[in-house]
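Undergrad: Input structure: run_8.cif, which contains mmCIF, C-alpha atoms and all ligand atoms.
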data_structure
loop_
_atom_site.label_atom_id
_atom_site.label_comp_id
_atom_site.auth_asym_id
_atom_site.auth_seq_id
_atom_site.Cartn_x
_atom_site.Cartn_y
_atom_site.Cartn_z
CA MET A 118 -27.19 71.87 27.19
CA ARG A 119 -25.03 69.32 29.03
CA LYS A 120 -21.34 70.08 28.48
CA LYS A 121 -17.98 68.58 29.37
CA ILE A 122 -16.10 71.11 31.46
CA VAL A 123 -12.80 71.10 33.31
CA ALA A 124 -12.52 74.24 35.41
CA GLY A 125 -9.37 75.13 37.33
CA ASN A 126 -9.70 77.03 40.60
CA TRP A 127 -6.44 78.78 41.40
CA LYS A 128 -7.81 80.01 44.76
CA MET A 129 -5.50 82.67 46.30
CA ASN A 130 -2.41 81.64 44.36
CA MET A 131 -0.28 83.16 41.59
CA ASP A 132 0.97 86.74 41.55
CA TYR A 133 0.65 88.66 38.31
CA ALA A 134 3.77 87.36 36.53
CA GLU A 135 3.29 83.79 37.76
CA GLY A 136 -0.32 83.80 36.61
CA ILE A 137 0.50 85.02 33.11
CA SER A 138 3.22 82.44 32.76
CA LEU A 139 1.13 79.50 34.00
CA PHE A 140 -1.87 80.53 31.94
CA SER A 141 0.19 80.97 28.76
CA GLU A 142 1.51 77.43 29.18
CA ILE A 143 -2.01 76.10 29.68
CA VAL A 144 -3.38 77.90 26.60
CA ASN A 145 -0.56 76.64 24.38
CA MET A 146 -0.91 73.07 25.60
CA VAL A 147 -4.69 73.04 25.28
CA ARG A 148 -4.43 74.49 21.78
CA ASP A 149 -1.85 71.89 20.69
CA GLU A 150 -3.12 68.82 22.47
CA GLN A 151 -6.82 69.03 23.16
CA LYS A 152 -9.04 66.77 21.12
CA GLY A 153 -12.78 66.64 21.57
CA GLU A 154 -15.34 69.14 22.67
CA GLN A 155 -14.52 69.60 26.35
CA ILE A 156 -14.36 73.17 27.64
CA ALA A 157 -11.37 74.38 29.68
CA VAL A 158 -11.89 77.19 32.19
CA ILE A 159 -9.53 78.88 34.64
CA CYS A 160 -11.07 80.63 37.65
CA ALA A 161 -8.42 83.06 38.79
CA PRO A 162 -8.04 85.80 41.40
CA PHE A 163 -9.51 89.17 40.37
CA ILE A 164 -6.12 90.74 39.50
CA HIS A 165 -5.77 88.28 36.60
CA LEU A 166 -9.19 88.34 35.02
CA ASN A 167 -8.65 91.15 32.53
CA SER A 168 -5.34 89.96 31.07
CA LEU A 169 -6.19 86.26 31.08
CA SER A 170 -9.47 86.86 29.26
CA LYS A 171 -7.52 88.45 26.44
CA LEU A 172 -4.88 85.71 26.36
CA GLY A 173 -7.36 82.85 26.57
CA GLY A 174 -9.69 83.82 23.75
CA THR A 175 -11.98 80.91 23.02
CA THR A 176 -9.31 78.31 23.84
CA VAL A 177 -9.50 78.63 27.63
CA TYR A 178 -12.38 80.52 29.21
CA ILE A 179 -11.98 82.65 32.32
CA GLY A 180 -14.00 82.69 35.50
CA ALA A 181 -13.96 84.59 38.79
CA GLN A 182 -14.04 82.78 42.12
CA ASN A 183 -16.69 85.00 43.67
CA CYS A 184 -18.75 88.10 42.96
CA HIS A 185 -20.86 90.54 44.96
CA GLN A 186 -24.63 90.30 44.71
CA ASN A 187 -25.13 94.04 44.07
CA GLU A 188 -24.15 95.86 40.90
CA SER A 189 -22.26 98.75 42.45
CA GLY A 190 -22.08 100.86 45.58
CA ALA A 191 -20.32 101.36 48.89
CA TYR A 192 -19.01 97.83 49.42
CA THR A 193 -15.31 98.37 50.03
CA GLY A 194 -13.17 95.54 48.76
CA GLU A 195 -15.89 93.86 46.71
CA THR A 196 -16.26 93.18 42.98
CA SER A 197 -19.65 92.87 41.29
CA ALA A 198 -20.82 90.35 38.70
CA LYS A 199 -21.19 93.25 36.26
CA MET A 200 -17.52 94.17 36.76
CA VAL A 201 -16.44 90.54 36.34
CA LYS A 202 -18.38 90.35 33.10
CA SER A 203 -16.91 93.63 31.85
CA VAL A 204 -13.38 92.15 31.68
CA GLY A 205 -14.48 89.23 29.54
CA CYS A 206 -15.20 86.49 32.07
CA ALA A 207 -17.66 83.78 31.15
CA TYR A 208 -17.95 81.93 34.49
CA VAL A 209 -18.03 82.60 38.21
CA ILE A 210 -17.74 80.12 41.07
CA ILE A 211 -20.51 80.63 43.63
CA GLY A 212 -20.68 79.01 47.05
CA HIS A 213 -17.33 77.28 47.18
CA SER A 214 -17.02 75.59 50.59
CA GLU A 215 -14.12 77.89 51.49
CA ARG A 216 -16.42 80.91 50.97
CA ARG A 217 -19.14 79.22 53.01
CA GLN A 218 -16.68 78.36 55.79
CA TYR A 219 -14.31 81.35 56.01
CA PHE A 220 -16.59 84.13 54.78
CA ALA A 221 -19.85 82.91 56.31
CA GLU A 222 -21.66 82.85 52.97
CA ASN A 223 -25.08 81.36 53.54
CA ASP A 224 -27.71 79.93 51.23
CA GLN A 225 -29.70 83.16 50.98
CA LEU A 226 -26.64 85.19 50.01
CA LEU A 227 -25.55 82.53 47.49
CA ALA A 228 -28.97 82.60 45.88
CA GLU A 229 -28.58 86.37 45.47
CA LYS A 230 -25.10 86.01 44.00
CA THR A 231 -26.38 83.39 41.56
CA THR A 232 -29.13 85.73 40.40
CA ALA A 233 -26.64 88.58 39.99
CA ALA A 234 -24.31 86.37 37.95
CA LEU A 235 -27.12 85.22 35.65
CA LYS A 236 -28.36 88.77 35.18
CA ASN A 237 -24.90 89.66 33.90
CA ASN A 238 -24.67 86.67 31.56
CA LEU A 239 -22.07 84.84 33.60
CA THR A 240 -22.38 81.08 34.02
CA PRO A 241 -22.42 80.33 37.76
CA ILE A 242 -20.53 77.23 38.85
CA PHE A 243 -22.66 76.60 41.92
CA CYS A 244 -20.87 74.45 44.53
CA ILE A 245 -22.40 72.12 47.09
CA GLY A 246 -20.77 69.53 49.32
CA GLU A 247 -20.91 67.82 52.68
CA THR A 248 -18.33 67.83 55.49
CA LEU A 249 -16.70 64.67 56.80
CA ASP A 250 -19.01 64.64 59.84
CA GLU A 251 -22.06 64.95 57.62
CA ARG A 252 -20.82 62.07 55.48
CA ASN A 253 -20.07 59.90 58.51
CA ASN A 254 -23.46 60.70 60.06
CA GLY A 255 -25.06 59.44 56.89
CA ASN A 256 -27.17 62.58 56.39
CA TYR A 257 -25.22 63.95 53.44
CA PHE A 258 -28.06 63.57 50.96
CA GLU A 259 -30.21 65.86 53.11
CA ILE A 260 -27.42 68.43 53.38
CA LEU A 261 -26.83 68.42 49.63
CA LYS A 262 -30.52 68.65 48.93
CA SER A 263 -30.92 71.63 51.25
CA GLN A 264 -27.90 73.42 49.71
CA ILE A 265 -29.08 73.05 46.13
CA THR A 266 -32.70 73.81 47.02
CA ALA A 267 -31.95 76.99 48.99
CA GLY A 268 -29.29 78.22 46.61
CA THR A 269 -30.87 77.57 43.22
CA PHE A 270 -34.41 76.16 43.25
CA ASP A 271 -36.09 79.58 43.34
CA LEU A 272 -34.80 80.12 39.80
CA SER A 273 -37.05 79.67 36.79
CA ALA A 274 -36.35 76.52 34.74
CA GLU A 275 -34.89 78.73 32.05
CA ASP A 276 -32.43 80.34 34.44
CA PHE A 277 -31.60 77.08 36.21
CA SER A 278 -30.66 75.60 32.82
CA LYS A 279 -27.83 78.13 32.57
CA LEU A 280 -26.08 76.87 35.74
CA VAL A 281 -23.23 74.46 36.16
CA ILE A 282 -23.39 72.51 39.44
CA ALA A 283 -20.22 71.32 41.19
CA TYR A 284 -20.30 68.58 43.81
CA GLU A 285 -17.29 69.08 46.07
CA PRO A 286 -17.21 66.95 49.22
CA VAL A 287 -15.46 69.21 51.75
CA TRP A 288 -13.50 66.23 53.10
CA ALA A 289 -11.92 65.70 49.68
CA ILE A 290 -10.87 69.31 48.98
CA GLY A 291 -7.12 69.76 49.18
CA THR A 292 -6.76 66.64 51.30
CA GLY A 293 -5.62 64.10 48.72
CA LEU A 294 -8.70 62.06 49.71
CA THR A 295 -10.75 61.77 46.53
CA ALA A 296 -14.26 60.44 46.61
CA SER A 297 -14.20 57.12 44.80
CA SER A 298 -15.81 57.13 41.39
CA GLU A 299 -18.71 55.14 42.88
CA GLN A 300 -19.19 57.59 45.77
CA ALA A 301 -19.10 60.55 43.40
CA GLN A 302 -21.43 58.92 40.86
CA GLU A 303 -23.92 58.07 43.63
CA VAL A 304 -24.13 61.73 44.65
CA HIS A 305 -24.20 63.04 41.09
CA ALA A 306 -27.11 60.73 40.27
CA PHE A 307 -28.88 61.96 43.42
CA ILE A 308 -28.35 65.61 42.45
CA ARG A 309 -29.67 64.94 38.94
CA GLN A 310 -32.70 63.24 40.41
CA GLU A 311 -33.40 66.22 42.70
CA ILE A 312 -33.14 68.54 39.70
CA ALA A 313 -35.53 66.26 37.80
CA SER A 314 -38.07 66.38 40.65
CA LYS A 315 -37.99 70.16 40.63
CA TYR A 316 -37.53 71.02 36.95
CA GLY A 317 -38.27 67.81 35.04
CA THR A 318 -36.14 65.20 33.31
CA GLU A 319 -35.14 67.28 30.34
CA VAL A 320 -33.60 70.07 32.43
CA ALA A 321 -31.91 67.48 34.68
CA GLU A 322 -30.42 65.57 31.74
CA ASN A 323 -29.08 68.80 30.30
CA THR A 324 -27.44 70.00 33.54
CA THR A 325 -23.66 69.87 33.69
CA ILE A 326 -22.53 68.49 37.07
CA LEU A 327 -18.81 68.66 37.91
CA TYR A 328 -16.90 66.75 40.57
CA GLY A 329 -14.30 68.55 42.70
CA GLY A 330 -11.97 67.41 45.47
CA SER A 331 -8.42 66.11 44.91
CA CYS A 332 -9.12 65.36 41.26
CA ASN A 333 -5.81 64.68 39.50
CA PRO A 334 -4.46 63.22 36.23
CA LYS A 335 -4.54 59.71 37.73
CA ASN A 336 -8.15 59.59 38.89
CA ALA A 337 -9.80 61.99 36.39
CA ALA A 338 -10.49 59.50 33.58
CA ASP A 339 -12.27 57.10 35.91
CA LEU A 340 -14.34 59.88 37.50
CA PHE A 341 -15.27 61.41 34.14
CA ALA A 342 -16.30 58.01 32.77
CA GLN A 343 -19.19 57.91 35.25
CA LYS A 344 -22.53 58.51 33.65
CA ASP A 345 -23.53 61.55 35.74
CA ILE A 346 -20.10 63.19 36.05
CA ASP A 347 -19.58 65.83 33.37
CA GLY A 348 -16.14 67.09 34.33
CA GLY A 349 -14.23 68.55 37.23
CA LEU A 350 -13.50 71.59 39.36
CA ILE A 351 -9.77 71.36 39.95
CA GLY A 352 -7.87 73.12 42.74
CA GLY A 353 -4.29 72.01 43.44
CA ALA A 354 -3.75 70.27 40.11
CA SER A 355 -4.75 73.43 38.19
CA LEU A 356 -1.58 75.13 39.45
CA LYS A 357 0.54 72.84 37.29
CA SER A 358 0.01 73.22 33.56
CA ARG A 359 0.84 69.61 32.71
CA ASP A 360 -1.50 68.20 35.35
CA PHE A 361 -4.36 70.52 34.43
CA VAL A 362 -4.12 69.82 30.71
CA ASP A 363 -3.85 66.07 31.35
CA ILE A 364 -7.12 66.33 33.30
CA VAL A 365 -8.71 68.22 30.38
CA LYS A 366 -7.56 65.37 28.13
CA ALA A 367 -8.84 62.70 30.52
CA PHE A 368 -12.20 62.73 28.74
CA ASN A 369 -10.56 61.12 25.74
CA SER A 370 -8.78 58.28 27.51
P1 LIG B 1 -8.56 70.41 45.16
O1 LIG B 1 -9.61 71.64 45.27
O2 LIG B 1 -8.62 69.90 43.76
O3 LIG B 1 -7.23 71.03 45.51
O4 LIG B 1 -9.00 69.39 46.16
C1 LIG B 1 -10.83 71.60 44.59
C2 LIG B 1 -11.58 72.88 44.85
O5 LIG B 1 -11.55 73.38 45.98
O6 LIG B 1 -12.24 73.44 43.94
#
Represent the structure from my file as structure tokens, please.
TA:
Amino acid sequence: MRKKIVAGNWKMNMDYAEGISLFSEIVNMVRDEQKGEQIAVICAPFIHLNSLSKLGGTTVYIGAQNCHQNESGAYTGETSAKMVKSVGCAYVIIGHSERRQYFAENDQLLAEKTTAALKNNLTPIFCIGETLDERNNGNYFEILKSQITAGTFDLSAEDFSKLVIAYEPVWAIGTGLTASSEQAQEVHAFIRQEIASKYGTEVAENTTILYGGSCNPKNAADLFAQKDIDGGLIGGASLKSRDFVDIVKAFNS
């Protein structure tokens, strides 16, 4: 079912006390101010997941930013999808460009992580996006197609329908350079069309596709008004409660 989602990605920010304080502000503001049916999610570092899940209830859902593909075992420093689920998370980001770039996560591994997340009833937020060179070379559609195909198209239609896809152009992440609404809509329509070719129109129409990359309270309403953009994955602006909640409310403006 296609949903309206604004998911914050805190990345490696917020110690324990800072995280509780920021999240409490967000929950109170969402509870008081949110109108409409959009879903707010915060994807936080592992240390926060347990406490935030309890604080957020059904007002703000919690996600992890990564999970391991195996359930348990000798993988020092890792956290499995099963563990993430056990503290009350509903979502997990898979394949963020920073994981692809700094932790060498490849398509095969991301497909395994996606399967592990689904098996544990987590909703994967599966990220794809092209670099600046790939955009300038004009081959970004091919890159995006290969990322979504290798990462998710081995899933059954039933499993694919449980995913959220996030389009995050790498050149727009943390740079202040947002894709224009037209550039983002063009790619979102392309992604939906690829999903339709693989799984049919009904699955494609029901897939939630988020935009991420320097999304902020000023540009969110215009981005979210595009026909194929169903919300955002928000990095920097999710670290400020006012900005994040204004983005959640941007669906209504
Ligand atoms: P940004 O990050 O909003 O700070 O550009 C988005 C993301 O990386 O998810």
Undergrad: Considering only C-alpha atoms and all ligand atoms, give me a table of residues in chain A that are at most 6 Å from ligand LIG 1 (chain B), with the closest atom pair and distance in Å for each, as JSON lines.
TA:
{"residue": "A:Asn126", "atom": "CA", "partner": "B:LIG1", "partner_atom": "O6", "distance": 5.5}
{"residue": "A:Ala289", "atom": "CA", "partner": "B:LIG1", "partner_atom": "O4", "distance": 5.9}
{"residue": "A:Ile290", "atom": "CA", "partner": "B:LIG1", "partner_atom": "O4", "distance": 3.4}
{"residue": "A:Gly291", "atom": "CA", "partner": "B:LIG1", "partner_atom": "O4", "distance": 3.6}
{"residue": "A:Gly329", "atom": "CA", "partner": "B:LIG1", "partner_atom": "C1", "distance": 5.0}
{"residue": "A:Gly330", "atom": "CA", "partner": "B:LIG1", "partner_atom": "O4", "distance": 3.6}
{"residue": "A:Ser331", "atom": "CA", "partner": "B:LIG1", "partner_atom": "O4", "distance": 3.6}
{"residue": "A:Cys332", "atom": "CA", "partner": "B:LIG1", "partner_atom": "O2", "distance": 5.2}
{"residue": "A:Leu350", "atom": "CA", "partner": "B:LIG1", "partner_atom": "O6", "distance": 5.1}
{"residue": "A:Ile351", "atom": "CA", "partner": "B:LIG1", "partner_atom": "O2", "distance": 4.2}
{"residue": "A:Gly352", "atom": "CA", "partner": "B:LIG1", "partner_atom": "O1", "distance": 3.4}
{"residue": "A:Gly353", "atom": "CA", "partner": "B:LIG1", "partner_atom": "O3", "distance": 3.7}
Undergrad: Of the candidates A:Ile312, A:Ile282, A:Ile122, A:Val177, which shows the shortest atom-to-atom distance to Val144 of chain A, using all atoms listed in the file?
TA: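 The closest residue to Val144 of chain A is A:Val177.
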Undergrad: Please, which residues are within 9 Å of (-25.0, 64.3, 51.3) by the file's coordinates, counting only C-alpha atoms, and could they come as a CSV table (one decimal) with C-alpha atoms, in the coordinates of the input?
TA:
chain,number,residue,atom,x,y,z
A,246,GLY,CA,-20.8,69.5,49.3
A,247,GLU,CA,-20.9,67.8,52.7
A,248,THR,CA,-18.3,67.8,55.5
A,251,GLU,CA,-22.1,65.0,57.6
A,252,ARG,CA,-20.8,62.1,55.5
A,255,GLY,CA,-25.1,59.4,56.9
A,256,ASN,CA,-27.2,62.6,56.4
A,257,TYR,CA,-25.2,64.0,53.4
A,258,PHE,CA,-28.1,63.6,51.0
A,259,GLU,CA,-30.2,65.9,53.1
A,260,ILE,CA,-27.4,68.4,53.4
A,261,LEU,CA,-26.8,68.4,49.6
A,262,LYS,CA,-30.5,68.6,48.9
A,286,PRO,CA,-17.2,67.0,49.2
A,304,VAL,CA,-24.1,61.7,44.6
Undergrad: Within 10 Å of segment 366-369 of chain A, which residues of segment 130-188 of chain A come that close, and what is the closest atom pair and distance in Å for each? Count all atoms listed in the file and give it as a Markdown table.
TA:
| residue | atom | partner | partner_atom | distance |
| --- | --- | --- | --- | --- |
| A:Val147 | CA | A:Lys366 | CA | 8.7 |
| A:Glu150 | CA | A:Lys366 | CA | 8.0 |
| A:Gln151 | CA | A:Lys366 | CA | 6.2 |
| A:Lys152 | CA | A:Lys366 | CA | 7.3 |
| A:Gly153 | CA | A:Asn369 | CA | 7.3 |
| A:Glu154 | CA | A:Phe368 | CA | 9.4 |
| A:Gln155 | CA | A:Phe368 | CA | 7.6 |
| A:Ala157 | CA | A:Lys366 | CA | 9.9 |
Undergrad: Quick check, in Å to one decimal: how far apart do atom CA of Glu285 of chain A and atom CA of Leu239 of chain A lie?
TA: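 Calculated distance between atom CA of Glu285 of chain A and atom CA of Leu239 of chain A is 20.7 Å.
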Undergrad: So, counting all atoms listed in the file, which residue among A:Ala306, A:Asn187, A:Cys244, A:Ser214 is closest to Glu229 of chain A?
TA: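 Of the candidates, the smallest distance to Glu229 of chain A is held by A:Asn187.
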Undergrad: List the neighbours of Pro162 of chain A out to 7 Å using all atoms listed in the file; skip same-chain residues closer than 2 positions along the sequence, and give me the result as a ChimeraX atom specification.
TA: /A:128-129,164-166,181-182
Undergrad: Have a look at atom CA of Ser297 of chain A and atom CA of Leu249 of chain A and let me know their distance in Å, one decimal.
TA: 14.4 Å
Undergrad: Taking (-18.1, 83.6, 40.9) as a centre in this file's frame and 7 Å as the limit, can you find every polymer residue with an atom that close, using only C-alpha atoms, and give them as an MDAnalysis selection string?
TA: chainID A and resid 180:184 208:211 241
Undergrad: Could you jot down the atom CA of Asn167 of chain A to atom CA of Val204 of chain A separation for me, Å, one decimal place?
TA: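 Those two atoms sit 4.9 Å apart.
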Undergrad: Rank nothing, just name the residue among A:Ile143, A:Leu227, A:Ala267, A:Ala274 nearest to Thr318 of chain A, using only C-alpha atoms.
TA: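 The answer is A:Ala274, which sits nearest to Thr318 of chain A.
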Undergrad: Report as a list in words all protein, DNA and RNA residues lying within 9 Å of segment 231-235 of chain A, evaluated on only C-alpha atoms, omitting residues in the same chain fewer than 6 positions from it.
TA: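 With the cut-off at 9 Å, the set is Cys184, His185, Gln186, Asn187, Glu188, Ser197, Ala198, Lys199, Lys202, Tyr208, Val209, Ile211, Pro241, Ile242, Phe243, Gly268, Thr269, Leu272, Asp276, Lys279 and Leu280 of chain A.
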Undergrad: If you take every atom of segment 229-238 of chain A that the file lists and fit an axis-aligned box around them with 6 Å extra on each side, what centre and edge lengths come out in Å to one decimal, as lines of an AutoDock Vina configuration file?
TA:
center_x = -26.7
center_y = 86.5
center_z = 38.5
size_x = 16.8
size_y = 18.3
size_z = 25.9
Undergrad: Near Thr325 of chain A, counting only C-alpha atoms, which residues have an atom at most 10 Å away, once you skip same-chain residues fewer than 5 positions from it, shown as a list in words?
TA: Met118, Arg119, Lys120, Lys121, Ile122, Ile242, Ser278, Lys279, Leu280, Val281, Ile282, Ala283, Arg309, Asp345, Ile346, Asp347 and Gly348 of chain A
Undergrad: Point out the residue among A:Gly317, A:Ser168, A:Asn333, A:Gly212 with the least atom-to-atom distance to Ser358 of chain A, counting only C-alpha atoms.
TA: A:Asn333
